[in-house]
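Please read the structure below before turning to the comments.
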Amino acid sequence: MLQVKAGNMDVMGLLFERYHRPLFGFLFHMTSQREASEDMLQNVFYRMLKYRHTFTGDGEFRTWMYHLARNVLVDHSKQNKRSAQQYDLADVAERIGGGPAADERILKQQELDSLHHAMAQLSTEYREVLVLSRFQELKYDEIARVLNTTEGAVKVRVHRAMNELKKIYLTIDHERTAQKM
């Protein structure tokens with residue numbers, strides 16, 4: 001990024017190749033909207049170019065990049081006050097078809113759908129720390145720099161977020177099991 005800041009725009013393609021997948025994963029896990037995440041991804045890279053002068057090189061590039069991504073998410077949520085996408089499990093079952101392997105795939109898909117639904121019900125603060133720590137595999141000190149807080153505060157948020165996610169997931173799973181009976 002320091003080379004981009006110095007005017008070598010050819011390096012931007014390398015940065016895109018290296019970081020577009022994890023960045024897309026972060027955006028998608030935060031919104032559950034594929035097209036919106038793709039648009040936001042492009043916006044993040046545009047902002048990298050626009051605000052390249054703000055990258056000092058003192059900290060890690062990933063920290064600065066995720067900070068820009070958070071700002072893009074905030075702007076997106078201000079523009080679009082939509083709720084999280086709901087998954088229709090009946091559609092999944094129809095597409096997969098019958099058989100024991102299909103039943104196992106359906107069960108796994110239902111569990112994933114329940115997890116996505118539970119993640120969507122978390123507060124933005126909790127969802128964000130879980131996505132950064134569990135899906136993007138950032139270290140707590142990196143997350144602390146992205147969120148402009150302390151490492152201890154990040155640890156507490158992750159712990160509380162995991163407890164909340166577990167509670168929500170178990171409620172969803174219980175409701176799903178009760179519907180089957």
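Quick note on naming: the chains in the structure tokens go A, B, ... in the order shown, residues restart at 1 in each chain, and ligands are numbered from 1 in order of appearance.
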Write out as CSV a residue-level contact list of stretch 109-177 of chain A versus stretch 18-40 of chain A with cut-off 12 Å: for each qualifying residue the closest pair of atoms and the distance in Å to one decimal, counting only C-alpha atoms, rows sorted by chain and residue number upward.
residue,atom,partner,partner_atom,distance
A:Asp113,CA,A:Ser32,CA,11.0
A:Leu115,CA,A:His29,CA,11.0
A:His116,CA,A:Ser32,CA,7.9
A:His117,CA,A:Ser32,CA,9.4
A:Ala118,CA,A:His29,CA,11.6
A:Met119,CA,A:His29,CA,8.3
A:Ala120,CA,A:Met30,CA,7.8
A:Gln121,CA,A:Met30,CA,10.9
A:Leu122,CA,A:Met30,CA,10.1
A:Ser123,CA,A:Met30,CA,10.4
A:Thr124,CA,A:Met30,CA,7.8
A:Glu125,CA,A:Met30,CA,10.3
A:Tyr126,CA,A:Met30,CA,10.3
A:Arg127,CA,A:Met30,CA,6.8
A:Glu128,CA,A:Met30,CA,6.7
A:Val129,CA,A:Met30,CA,10.2
A:Leu130,CA,A:His29,CA,9.5
A:Val131,CA,A:Phe26,CA,6.2
A:Leu132,CA,A:Phe26,CA,7.0
A:Ser133,CA,A:Phe26,CA,10.2
A:Arg134,CA,A:Phe26,CA,10.2
A:Phe135,CA,A:Phe26,CA,7.3
A:Gln136,CA,A:Pro22,CA,6.3
A:Glu137,CA,A:Pro22,CA,9.5
A:Leu138,CA,A:Pro22,CA,10.6
*Would you list, as a PyMOL selection string, the residues of chain A that end up in helix (DSSP H, G or I) under DSSP run on this structure's backbone?*
chain A and resi 2-5+11-31+34-50+52-54+61-79+89-96+100-121+124-135+140-147+151-180
*Within 7 Å of A:His53, counting only C-alpha atoms, which residues show up once you throw out same-chain ones fewer than 2 positions away? Write them as a count of residues only, please.*
3
_Between atom CA of A:Ser114 and atom CA of A:His174 - distance in Å to one decimal_ =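 Between atom CA of A:His174 and atom CA of A:Ser114 the gap is 10.5 Å.
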